[in-house]
Amino acid sequence: MKEDKSPNLERKNGESPFLLTRRQFLKAVGGGIIIFFSCGDLTAQERRPPGYQNLPTDFNAFLRIGANGRVTCFTGKVELGQGIVTSLAQMLADELEVPLDAVDMVMGDTDLCPWDMGTFGSMSTRFFGPPLREAAAEAKAILIGLASEHLRLNENQLIAKDGVVMDKSHSGNRVTYADLVRGKSIEKHLPKKPPLKNVSEFTIVGKSVLRKDALAKVTGKGQFAGDIRVPGMLYAKILRPPVHGAKLKSMDTSALQMDKGIQIIQDRDLIAVLHRYPDGAEKALSKIKAEFDLPDAKVDAKTIFNHLLNVAPEGEMVTQKGDINEGERIAREAFEATYLNQYVAHATIETHTALAKIEKDRVTVWASTQRPFGAKEEVAQALGIPSQKVRVIGPFVGGGFGGKNENRQVIEAARLAKLTGKPVHVTWSRQEEFFHDTFRPAAIVKIRSGVTEANQIVFWNYNVYFGGSRGAEQFYDIPHHRELSHGHYTGLPGAHPFGTGPWRAPGNNTNTFARESHIDIMAAKVAMDPLEFRLKNLSDERMMRVLKAAAERFGWRASPAPSGRGFGVACAMDAGAYVATMAEVEVDQDSGRVRVKRVVCAQDMGLAINPEGAKIQMEGCLTMGLGYALTEEVHFNGGRILDRNFDTYEIPRFSWLPKIETVLVENSGIPPAGGGEPAIVCMGGVIANAIFDATGARLFELPMTAERVKKAFQRR
Amino acid sequence: MIEIIRFKLNRKPMQLTGDGERRLLWVLRSDIGLTGTKYGCGEGICGACSVLINNKATRSCLVPVKEIKGKEVMTIEGLVRNGRLHPLQKAFMDHDALQCGFCTPGMILNAYSLLLEKPQPTEAEIIEGMNDNLCRCGANVRIVQAIQSAAKEMRGGGRG
């Protein structure tokens, strides 16, 4: 990604090339074959900000084949570790018939890449993949057309392979893509959908290949936003209130007045010290004496749930079928429970970072962000300048998980660059990261359900509060059900004492924990094996298939819970994928500590572009998911965040590792589903169910800390 | 206090003049411009800033530069020798032992130090030795595999 061999697209007159006319644009790009296409759903396209109205609405990505034969894909998506720098290149190379290493990805640069909504929701491969392949197929068709003239042969006599077009019957009669492109300047919009290769014809897609970013990342050369250096840059440290909602009462910077290397900036809410070294700025900040008016703490980890229920808005319908009252009437037995989860941090190892540089009236920002184009708008707004004057570059991002949709640090760096007239670098400390993170919200799920004499689930009355609707959809075969979602995961004013936002598979971890726990409660009550009970109440073949695949690998033997074995099962749908997870746990009866010994996860994600990459994402999900299941909760009192570092906020470590086994359930006839999130969503439910199977104690709140497990023992 | 600090950095002699209390992490990243060493937590908890000091993995966010006088410091940038990747780097690539890549330099250097101490580590020893390096993407399983495979490669005549 850093080896940008793309043409120089420096702005003319300070304008982004996407504001140039087509003719100027083509000239700026430097010729070759260019295919414009659009990716993502159309609603996303319609959501582009007003400033972009002048931009082409008919494409948001393009690929170019240069006269050197190299192929470049320009996209506003960013590489967060999810591997799209590789999987997108694979799709492009396969369809275009070029070697994978002939493809360069230019990502997340708002000047070089067309507008893009952002990198989240496991959408890159799902929504970007198909149009990218079509664009590549179109480029290949153009190349074959050119080759037909060049070789004086009918197109149907030609075949493309490894960047060469050749005569099918005389492979020596050939011409390279580079030779065909040289001196040409062809611009084409993706017309009607060109024919694509069949899955059986793939030579690169579906194969496990070396990550394109691996070399840069093992040598320390891969650049993250914090690694960019520009002459004259200053490092900033920003004065933070001790509590969300606190107001600055007084400030004394006299201890810094003798220090010539320090610059102090106070601009409304933004108070910062700047120094040529990051540690210099940090030291200076510690010498500022500031007093704040602190708001009263109104909620804590215990009272937050009642508070949220009190302020929750009316529910919005997620899915519905039949008549709940009718279901209540038929049911032999009803089950009612409330499920809770605490706030969870993103806790990426790279904290929010940005470097902003202003030259004349043009702003360039390098940022760790999942939304470069969003950041561009936000910077323009904060500085009161047209967004055409802002360029945001997203280098490698050190983890996102939804947390880097929030661009606060980008605005801070840009404002400080304007105020000081110098390039300014902002890297949040770990404590700032815990303070300003937009947490996965505390949320509540209430479920009332019932079963018939025949152990069929006959009704399901579901309400989720502030968790989000993703994953609340019903996929069990229930004649009478209604799922309502009250309030979004971004919260409402007055709901949460600090910021909340999307967290890997937003909503679904909360919803799946509740649903799958509740299913298990019913299965246990009717003394059925939990897998058997699920299969009995499902008719979705794909879900049944992943459950059976997981069971086969796990070696599941039927028994009603609690069996004492510590086995759990959970299943879910997320981002178009089907997931079933089984786990084995060991629970210490004295301490309540849970150790997950083994996790098996089966996933049907349609066509897997890079199967090894997909499995890596699954392993990552399963490992990360141990955290929110067992330990991760943001400790707080009102707007005060008590966690400052990884000592009290415990994320998974090597010593927690269970034996992890992943199974990709083949389904290559179906377009790719998302892969970066689905496998995490079962982790709360599967571990809760395994704890019950081991001990007979049911957990209703995430995370399932040793303390909560011990409390659950007492309820047995 | 302004001090002169002489040490070896990635096998080359180096001299710094400055405040000896400053932490090695920031000196490496901002003064020297070696940005492969990452800031993750600033308190020695996460291991993203690990470097080798006299071949022992050390949290550079905690080390005042005056303490490296006369010592040999190696960062991730020094691991490639004569254009050849170290077996650990190769193994991390081959095993896809990274995702976002931010913790990777610290992981590799911590593993380097571990393998010097225990050239034939058991899986349990690898887990114990790596336990204080945090990876948020969850590449842990592959990191263990990569270290096992690099250890084997290094014992089989590769350089150590």
# chains A, B, ... in the order shown; residues from 1 in each chain; ligands from 1

$ residues_around --residues "Asn54 of chain B" --least-positions-apart "4" --cutoff "7 Å" --atoms "only C-alpha atoms" --output "PyMOL selection string"
chain B and resi 71-73

$ interface_residues --of "chain A" --to "chain B" --cutoff "8 Å" --atoms "only C-alpha atoms" --output "ChimeraX atom specification"
/A:79-83,210-211,214-215,217-222,227,277-279,347-351,396-399,429-430,616,619-624,645-647,651-655,657,660

$ select_by_dssp --residues "segment 120-359 of chain A" --states "strand (DSSP E)" --output "MDAnalysis selection string"
chainID A and resid 158:161 164:167 174:176 185:189 234:238 247:252 263:267 270:275 289:293 316:321 333:341 353:359

$ residues_around --residues "Gln263 of chain A" --least-positions-apart "5" --cutoff "10 Å" --atoms "only C-alpha atoms" --output "ChimeraX atom specification"
/A:234,236,256-257,272-276,281,284,420

$ residues_around --residues "segment 126-136 of chain A" --least-positions-apart "6" --cutoff "10 Å" --atoms "only C-alpha atoms" --output "count of residues only"
50

$ residues_around --residues "Arg698 of chain A" --least-positions-apart "2" --cutoff "10 Å" --atoms "only C-alpha atoms" --output "list in words"
Ser517, Asp520, Ile521, Ala688, Asn689, Ala690, Ile691, Phe692, Asp693, Thr695, Gly696, Phe700, Glu701, Val709, Lys711, Ala712, Phe713, Arg715 and Arg716 of chain A

$ write_last_selection --atoms "C-alpha atoms" --output "mmCIF file, in the first residue's frame"
data_model
loop_
_atom_site.group_PDB
_atom_site.id
_atom_site.type_symbol
_atom_site.label_atom_id
_atom_site.label_comp_id
_atom_site.auth_asym_id
_atom_site.auth_seq_id
_atom_site.Cartn_x
_atom_site.Cartn_y
_atom_site.Cartn_z
ATOM 1 C CA SER A 517 -29.035 -17.975 26.368
ATOM 2 C CA ASP A 520 -30.829 -22.788 26.120
ATOM 3 C CA ILE A 521 -33.006 -22.000 29.122
ATOM 4 C CA ALA A 688 -22.851 -18.641 29.043
ATOM 5 C CA ASN A 689 -24.405 -21.890 27.866
ATOM 6 C CA ALA A 690 -21.227 -23.854 28.523
ATOM 7 C CA ILE A 691 -21.003 -22.402 32.041
ATOM 8 C CA PHE A 692 -24.564 -23.547 32.651
ATOM 9 C CA ASP A 693 -23.754 -26.981 31.312
ATOM 10 C CA THR A 695 -22.321 -25.855 36.775
ATOM 11 C CA GLY A 696 -26.067 -25.428 36.431
ATOM 12 C CA PHE A 700 -27.615 -13.071 32.681
ATOM 13 C CA GLU A 701 -25.007 -10.346 32.435
ATOM 14 C CA VAL A 709 -20.222 -16.455 38.122
ATOM 15 C CA LYS A 711 -23.115 -14.905 42.397
ATOM 16 C CA ALA A 712 -24.830 -17.116 39.860
ATOM 17 C CA PHE A 713 -23.744 -20.179 41.901
ATOM 18 C CA ARG A 715 -28.872 -18.520 42.646
ATOM 19 C CA ARG A 716 -28.750 -22.177 41.658
#

$ select_by_dssp --residues "segment 475-599 of chain A" --states "alpha helix (DSSP H)" --output "count of residues only"
39

$ residues_around --residues "Ala150 of chain B" --least-positions-apart "3" --cutoff "7 Å" --atoms "only C-alpha atoms" --output "ChimeraX atom specification"
/B:87-88,91,146-147,153-154

$ residues_around --residues "Ile68 of chain B" --least-positions-apart "3" --cutoff "12 Å" --atoms "only C-alpha atoms" --output "ChimeraX atom specification"
/B:3-9,14-16,20-25,27,51-54,58,60,62-65,71-74

$ atom_distance --atom1 "atom CA of Phe292 of chain A" --atom2 "atom CA of Pro241 of chain A"
7.1 Å

$ atom_distance --atom1 "atom CA of Lys237 of chain A" --atom2 "atom CA of Asp296 of chain A"
26.9 Å

$ atom_distance --atom1 "atom CA of Leu626 of chain A" --atom2 "atom CA of Arg542 of chain A"
25.5 Å
